[in-house]
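J.: Quick one, upload_24.cif (mmCIF, C-alpha atoms):
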data_model
loop_
_atom_site.label_atom_id
_atom_site.label_comp_id
_atom_site.auth_asym_id
_atom_site.auth_seq_id
_atom_site.Cartn_x
_atom_site.Cartn_y
_atom_site.Cartn_z
CA MET I 1 60.77 -1.14 20.00
CA PRO I 2 58.77 2.00 19.25
CA ASN I 3 60.37 5.40 19.58
CA VAL I 4 59.57 7.26 22.77
CA PHE I 5 59.90 11.02 22.88
CA ARG I 6 60.28 13.44 25.77
CA GLY I 7 61.06 17.14 25.74
CA LYS I 8 60.08 20.25 23.85
CA ALA I 9 59.10 18.72 20.52
CA GLN I 10 58.73 15.46 18.71
CA VAL I 11 61.17 15.52 15.83
CA SER I 12 60.07 12.48 13.86
CA GLY I 13 57.95 9.36 14.15
CA THR I 14 54.82 9.03 16.22
CA ASP I 15 54.09 9.64 19.84
CA ALA I 16 54.47 6.27 21.57
CA ASN I 17 52.67 6.70 24.87
CA GLY I 18 50.97 3.89 26.66
CA ASP I 19 50.00 2.60 30.06
CA PHE I 20 52.34 0.50 32.13
CA ASP I 21 50.89 -1.93 34.64
CA ILE I 22 53.08 -3.84 37.04
CA ILE I 23 51.94 -6.63 39.36
CA VAL I 24 54.82 -6.39 41.79
CA TYR I 25 55.93 -4.44 44.77
CA PRO I 26 59.54 -3.36 44.31
CA TYR I 27 60.94 -3.32 47.83
CA ASN I 28 63.64 -0.71 48.22
CA GLU I 29 67.04 -2.18 49.08
CA SER I 30 69.34 0.75 48.35
CA GLN I 31 69.41 4.23 46.87
CA ASP I 32 72.46 5.76 45.21
CA MET I 33 72.80 9.14 43.51
CA THR I 34 75.60 10.39 41.27
CA HIS I 35 76.12 14.05 40.35
CA GLU I 36 77.02 14.47 36.66
CA PHE I 37 77.52 17.35 34.23
CA GLU I 38 79.23 18.04 30.94
CA GLU I 39 82.31 20.23 31.10
CA ASP I 40 84.16 22.49 28.67
CA VAL I 41 87.67 23.49 29.71
CA ILE I 42 89.36 26.43 27.99
CA GLN I 43 93.14 26.66 27.97
CA ASP I 44 95.41 29.67 27.77
CA PRO I 45 98.17 29.94 25.12
CA THR I 46 100.55 27.91 27.31
CA GLY I 47 98.08 25.03 27.61
CA SER I 48 97.07 25.66 31.22
CA ASP I 49 93.40 25.37 32.12
CA MET I 50 91.99 28.86 32.68
CA ALA I 51 88.19 28.68 32.35
CA TRP I 52 85.51 26.07 32.95
CA ARG I 53 81.92 25.82 31.82
CA SER I 54 79.46 23.22 33.02
CA ARG I 55 76.12 22.37 31.43
CA ASN I 56 73.42 19.70 31.59
CA GLU I 57 73.85 19.27 35.32
CA LYS I 58 71.96 16.18 36.39
CA ILE I 59 71.59 13.64 39.13
CA MET I 60 71.64 9.96 38.18
CA GLY I 61 69.67 7.79 40.60
CA ASP I 62 70.07 4.06 41.08
CA ILE I 63 67.43 2.31 43.17
CA GLY I 64 68.23 -1.24 44.22
CA VAL I 65 65.07 -3.31 44.65
CA PHE I 66 63.81 -6.77 45.51
CA PHE I 67 60.90 -7.85 43.32
CA VAL I 68 58.31 -9.29 45.69
CA GLY I 69 54.61 -9.90 45.29
CA ASP I 70 51.62 -11.43 46.95
CA THR I 71 52.57 -14.63 45.12
CA VAL I 72 55.81 -15.90 43.58
CA ALA I 73 54.13 -15.88 40.16
CA HIS I 74 53.24 -12.19 40.50
CA ALA I 75 56.75 -11.34 41.60
CA LYS I 76 58.21 -13.10 38.55
CA THR I 77 55.68 -11.49 36.21
CA GLY I 78 56.30 -8.05 37.67
CA ALA I 79 60.08 -8.23 37.45
CA ALA I 80 60.04 -6.22 34.23
CA PHE I 81 61.66 -3.09 32.89
CA PHE I 82 59.79 0.20 32.59
CA ALA I 83 59.08 1.79 29.21
CA PRO I 84 61.89 4.10 27.98
CA TYR I 85 61.69 7.53 29.63
CA ALA I 86 58.89 6.49 31.99
CA ILE I 87 58.30 9.13 34.66
CA MET I 88 58.58 8.37 38.36
CA THR I 89 57.76 10.81 41.15
CA VAL I 90 59.31 10.23 44.58
CA THR I 91 57.70 11.72 47.68
CA ASN I 92 58.23 11.43 51.42
CA CYS I 93 61.82 10.23 51.14
CA ALA I 94 64.05 11.02 54.13
CA VAL I 95 66.80 12.16 51.73
CA ALA I 96 65.20 15.31 50.28
CA ALA I 97 67.17 15.14 47.01
CA TRP I 98 65.07 12.12 45.98
CA ASN I 99 61.73 13.96 46.34
CA THR I 100 61.09 15.09 42.78
CA THR I 101 60.22 13.83 39.29
CA TRP I 102 62.65 11.37 37.69
CA GLN I 103 62.99 10.03 34.14
CA TYR I 104 63.71 6.30 33.63
CA VAL I 105 66.88 5.81 31.55
CA SER I 106 68.88 2.89 30.17
CA GLY I 107 71.13 0.84 32.41
CA SER I 108 68.61 -0.94 34.65
CA THR I 109 69.19 -4.57 35.57
CA ILE I 110 67.17 -7.55 36.80
CA ASN I 111 69.01 -10.49 38.35
CA GLN I 112 67.68 -13.81 39.55
CA LYS I 113 69.75 -16.76 40.67
CA ASN I 114 68.20 -20.19 41.06
CA ASN I 115 64.89 -19.75 42.89
CA ASP I 116 65.91 -16.66 44.87
CA THR I 117 63.89 -13.48 44.90
CA ALA I 118 64.71 -11.39 41.85
CA ARG I 119 66.73 -8.25 42.51
CA GLY I 120 67.26 -5.29 40.30
CA HIS I 121 68.67 -1.81 39.88
CA LEU I 122 66.43 0.81 38.34
CA ARG I 123 68.23 3.79 36.74
CA PHE I 124 66.67 7.24 36.75
CA ARG I 125 67.77 10.75 35.84
CA ARG I 126 66.70 14.20 36.94
CA TYR I 127 68.06 17.54 35.84
CA VAL I 128 69.11 20.15 38.39
CA ASP I 129 67.63 22.94 36.23
CA ALA I 130 63.87 22.96 36.95
CA THR I 131 62.88 23.87 33.37
CA GLN I 132 65.05 21.14 31.91
CA ASN I 133 63.60 18.61 34.36
CA ILE I 134 60.03 19.61 33.47
CA LEU I 135 60.81 19.14 29.76
CA ALA I 136 62.29 15.70 30.48
CA ALA I 137 58.93 14.68 31.97
CA THR I 138 56.75 16.32 29.30
CA THR I 139 55.20 14.41 26.41
CA PRO I 140 55.17 16.57 23.25
CA SER I 141 51.83 17.16 21.55
#
As structure tokens - that is how I would like this structure written.
T.:
Amino acid sequence: MPNVFRGKAQVSGTDANGDFDIIVYPYNESQDMTHEFEEDVIQDPTGSDMAWRSRNEKIMGDIGVFFVGDTVAHAKTGAAFFAPYAIMTVTNCAVAAWNTTWQYVSGSTINQKNNDTARGHLRFRRYVDATQNILAATTPS
């Protein structure tokens, strides 16, 4: 798998951009968001927590989908994973927190049992800090 870079600068390797075509219509089944951040806790001399610092505040999004198409063959062909760090923009969602730019991250799944319609969970991340989120969606030059 080629390296894919996002952010302020490309540290090593080559830029691995490409086009992604999908012949499928992921039909939304569910949407889940999880609020995450890293935390440093400072203790006083007695060992009691006395100060907290959070950083890298982010929202992890999990979109449950059915993979359907105009034909069964297209649905099966289209049930594929996105490229690492692919960018997805959500608009017109009733839950306003979804309406922004998201970065595709590891942890997605595709499941098919027997001849049933394939289902999946697509994992995305967005940063609460606007500058950090823009960098996550920027391809370095």
J.: For a test of reading the model, state the distance in Å between atom CA of I:Val128 and atom CA of I:Ile59, rounded to one decimal.
T.: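 That distance, rounded to one decimal, is 7.0 Å.
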J.: Convert the output of the PyMOL selection byres ((chain I and resi 90) around 6) on the shown file into explicit residues, formatted as an mmCIF file with C-alpha atoms, keeping the file's coordinate frame.
T.:
data_model
loop_
_atom_site.group_PDB
_atom_site.id
_atom_site.type_symbol
_atom_site.label_atom_id
_atom_site.label_comp_id
_atom_site.auth_asym_id
_atom_site.auth_seq_id
_atom_site.Cartn_x
_atom_site.Cartn_y
_atom_site.Cartn_z
ATOM 1 C CA THR I 89 57.760 10.810 41.150
ATOM 2 C CA THR I 91 57.700 11.720 47.680
ATOM 3 C CA ASN I 99 61.730 13.960 46.340
ATOM 4 C CA THR I 100 61.090 15.090 42.780
#
J.: Let me know the residues the PyMOL selection byres ((chain I and resi 54) around 12) catches in the file above, as a ChimeraX atom specification.
T.: /I:36-42,51-53,55-58
J.: Any chance you could export the current selection's C-alpha atoms as a PDB file, in the coordinates of the input?
T.:
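Result written to again.pdb:
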ATOM      1  CA  GLU I  36      77.020  14.470  36.660  1.00  0.00           C
ATOM      2  CA  PHE I  37      77.520  17.350  34.230  1.00  0.00           C
ATOM      3  CA  GLU I  38      79.230  18.040  30.940  1.00  0.00           C
ATOM      4  CA  GLU I  39      82.310  20.230  31.100  1.00  0.00           C
ATOM      5  CA  ASP I  40      84.160  22.490  28.670  1.00  0.00           C
ATOM      6  CA  VAL I  41      87.670  23.490  29.710  1.00  0.00           C
ATOM      7  CA  ILE I  42      89.360  26.430  27.990  1.00  0.00           C
ATOM      8  CA  ALA I  51      88.190  28.680  32.350  1.00  0.00           C
ATOM      9  CA  TRP I  52      85.510  26.070  32.950  1.00  0.00           C
ATOM     10  CA  ARG I  53      81.920  25.820  31.820  1.00  0.00           C
ATOM     11  CA  ARG I  55      76.120  22.370  31.430  1.00  0.00           C
ATOM     12  CA  ASN I  56      73.420  19.700  31.590  1.00  0.00           C
ATOM     13  CA  GLU I  57      73.850  19.270  35.320  1.00  0.00           C
ATOM     14  CA  LYS I  58      71.960  16.180  36.390  1.00  0.00           C
TER      15      LYS I  58
END
J.: Find the distance between atom CA of I:Met88 and atom CA of I:Asn115 and write it in Å to one decimal.
T.: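 The value is 29.2 Å.
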J.: Given the PyMOL selection byres ((chain I and resi 130) around 12) and the file above, list the residues it selects as a list in words.
T.: Asn56, Glu57, Lys58, Thr100, Thr101, Trp102, Arg126, Tyr127, Val128, Asp129, Thr131, Gln132, Asn133, Ile134, Leu135, Ala136 and Ala137 of chain I
J.: With distances taken over all atoms listed in the file, which residue among I:Ala83, I:Leu122, I:Val95, I:Ala75 lies nearest I:Ile63?
T.: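 Closest candidate: I:Leu122.
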J.: Between I:Gly120, I:Gly78, I:Pro140, I:Gly61, which residue has the minimum interatomic distance to I:Gln103, considering only C-alpha atoms?
T.: I:Gly61
J.: Would you compute the box with edges along x, y and z of the file around stretch 88-105 of chain I, including every atom the file lists for it and 3 Å extra on each side, and give its centre and edge lengths in Å to one decimal, as JSON?
T.:
{"center_x": 62.4, "center_y": 10.6, "center_z": 42.8, "size_x": 15.5, "size_y": 15.5, "size_z": 28.6}
J.: Determine the nearest neighbour of I:Thr34 from the options I:Gly47, I:Val68, I:Asp62, I:Thr139, counting only C-alpha atoms.
T.: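 With only C-alpha atoms as the atom set, the closest residue is I:Asp62.
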J.: Could you state the separation of atom CA of I:Ala80 and atom CA of I:Asn111 in Å, given to one decimal place?
T.: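 Atom CA of I:Ala80 sits 10.8 Å away from atom CA of I:Asn111.
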J.: From the options I:Asp49, I:Ala96, I:Ala79, I:Thr71, which residue's atoms come nearest to I:Ile110, counting all atoms listed in the file?
T.: I:Ala79
J.: Give the answer as one residue: which of I:Ala94, I:Ala86, I:Val65, I:Met50 has the shortest atom-to-atom distance to I:Gln112, using all atoms listed in the file?
T.: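 Ranking I:Ala94, I:Ala86, I:Val65, I:Met50 by distance to I:Gln112, first place goes to I:Val65.
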J.: Complete stretch 76-101 of chain I at the level of N, CA and C atoms, written as a CSV table (one decimal), in the frame of the given file.
T.:
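And here's rebuild07.csv as it stands now:
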chain,number,residue,atom,x,y,z
I,76,LYS,N,57.5,-12.8,39.8
I,76,LYS,CA,58.2,-13.1,38.6
I,76,LYS,C,57.6,-12.3,37.4
I,77,THR,N,56.3,-12.2,37.3
I,77,THR,CA,55.7,-11.5,36.2
I,77,THR,C,56.0,-10.0,36.3
I,78,GLY,N,56.1,-9.5,37.5
I,78,GLY,CA,56.3,-8.0,37.7
I,78,GLY,C,57.7,-7.6,37.6
I,79,ALA,N,58.7,-8.6,37.6
I,79,ALA,CA,60.1,-8.2,37.4
I,79,ALA,C,60.3,-7.9,36.0
I,80,ALA,N,59.9,-6.7,35.6
I,80,ALA,CA,60.0,-6.2,34.2
I,80,ALA,C,60.6,-4.8,34.2
I,81,PHE,N,61.1,-4.4,33.1
I,81,PHE,CA,61.7,-3.1,32.9
I,81,PHE,C,60.5,-2.1,32.6
I,82,PHE,N,60.7,-0.8,32.9
I,82,PHE,CA,59.8,0.2,32.6
I,82,PHE,C,60.0,0.6,31.1
I,83,ALA,N,59.0,1.3,30.6
I,83,ALA,CA,59.1,1.8,29.2
I,83,ALA,C,60.2,2.9,29.2
I,84,PRO,N,60.9,3.1,28.1
I,84,PRO,CA,61.9,4.1,28.0
I,84,PRO,C,61.3,5.5,28.4
I,85,TYR,N,62.0,6.2,29.2
I,85,TYR,CA,61.7,7.5,29.6
I,85,TYR,C,60.4,7.6,30.5
I,86,ALA,N,60.0,6.5,31.1
I,86,ALA,CA,58.9,6.5,32.0
I,86,ALA,C,59.2,7.5,33.1
I,87,ILE,N,58.1,8.1,33.6
I,87,ILE,CA,58.3,9.1,34.7
I,87,ILE,C,57.9,8.5,36.0
I,88,MET,N,58.8,8.8,37.0
I,88,MET,CA,58.6,8.4,38.4
I,88,MET,C,58.7,9.6,39.3
I,89,THR,N,57.7,9.7,40.2
I,89,THR,CA,57.8,10.8,41.2
I,89,THR,C,58.0,10.2,42.5
I,90,VAL,N,59.0,10.7,43.2
I,90,VAL,CA,59.3,10.2,44.6
I,90,VAL,C,58.8,11.3,45.6
I,91,THR,N,58.1,10.8,46.6
I,91,THR,CA,57.7,11.7,47.7
I,91,THR,C,58.0,11.1,49.0
I,92,ASN,N,58.1,11.9,50.0
I,92,ASN,CA,58.2,11.4,51.4
I,92,ASN,C,59.5,10.6,51.7
I,93,CYS,N,60.5,10.9,50.9
I,93,CYS,CA,61.8,10.2,51.1
I,93,CYS,C,62.6,11.0,52.2
I,94,ALA,N,63.3,10.3,53.1
I,94,ALA,CA,64.0,11.0,54.1
I,94,ALA,C,65.2,11.9,53.5
I,95,VAL,N,65.8,11.4,52.4
I,95,VAL,CA,66.8,12.2,51.7
I,95,VAL,C,66.1,13.1,50.7
I,96,ALA,N,66.0,14.4,51.0
I,96,ALA,CA,65.2,15.3,50.3
I,96,ALA,C,65.5,15.3,48.8
I,97,ALA,N,66.8,15.1,48.4
I,97,ALA,CA,67.2,15.1,47.0
I,97,ALA,C,66.4,14.1,46.1
I,98,TRP,N,65.8,13.1,46.7
I,98,TRP,CA,65.1,12.1,46.0
I,98,TRP,C,63.7,12.6,45.7
I,99,ASN,N,63.1,13.6,46.4
I,99,ASN,CA,61.7,14.0,46.3
I,99,ASN,C,61.5,14.9,45.2
I,100,THR,N,61.4,14.3,44.0
I,100,THR,CA,61.1,15.1,42.8
I,100,THR,C,60.7,14.1,41.7
I,101,THR,N,60.6,14.6,40.5
I,101,THR,CA,60.2,13.8,39.3
I,101,THR,C,61.5,13.3,38.6
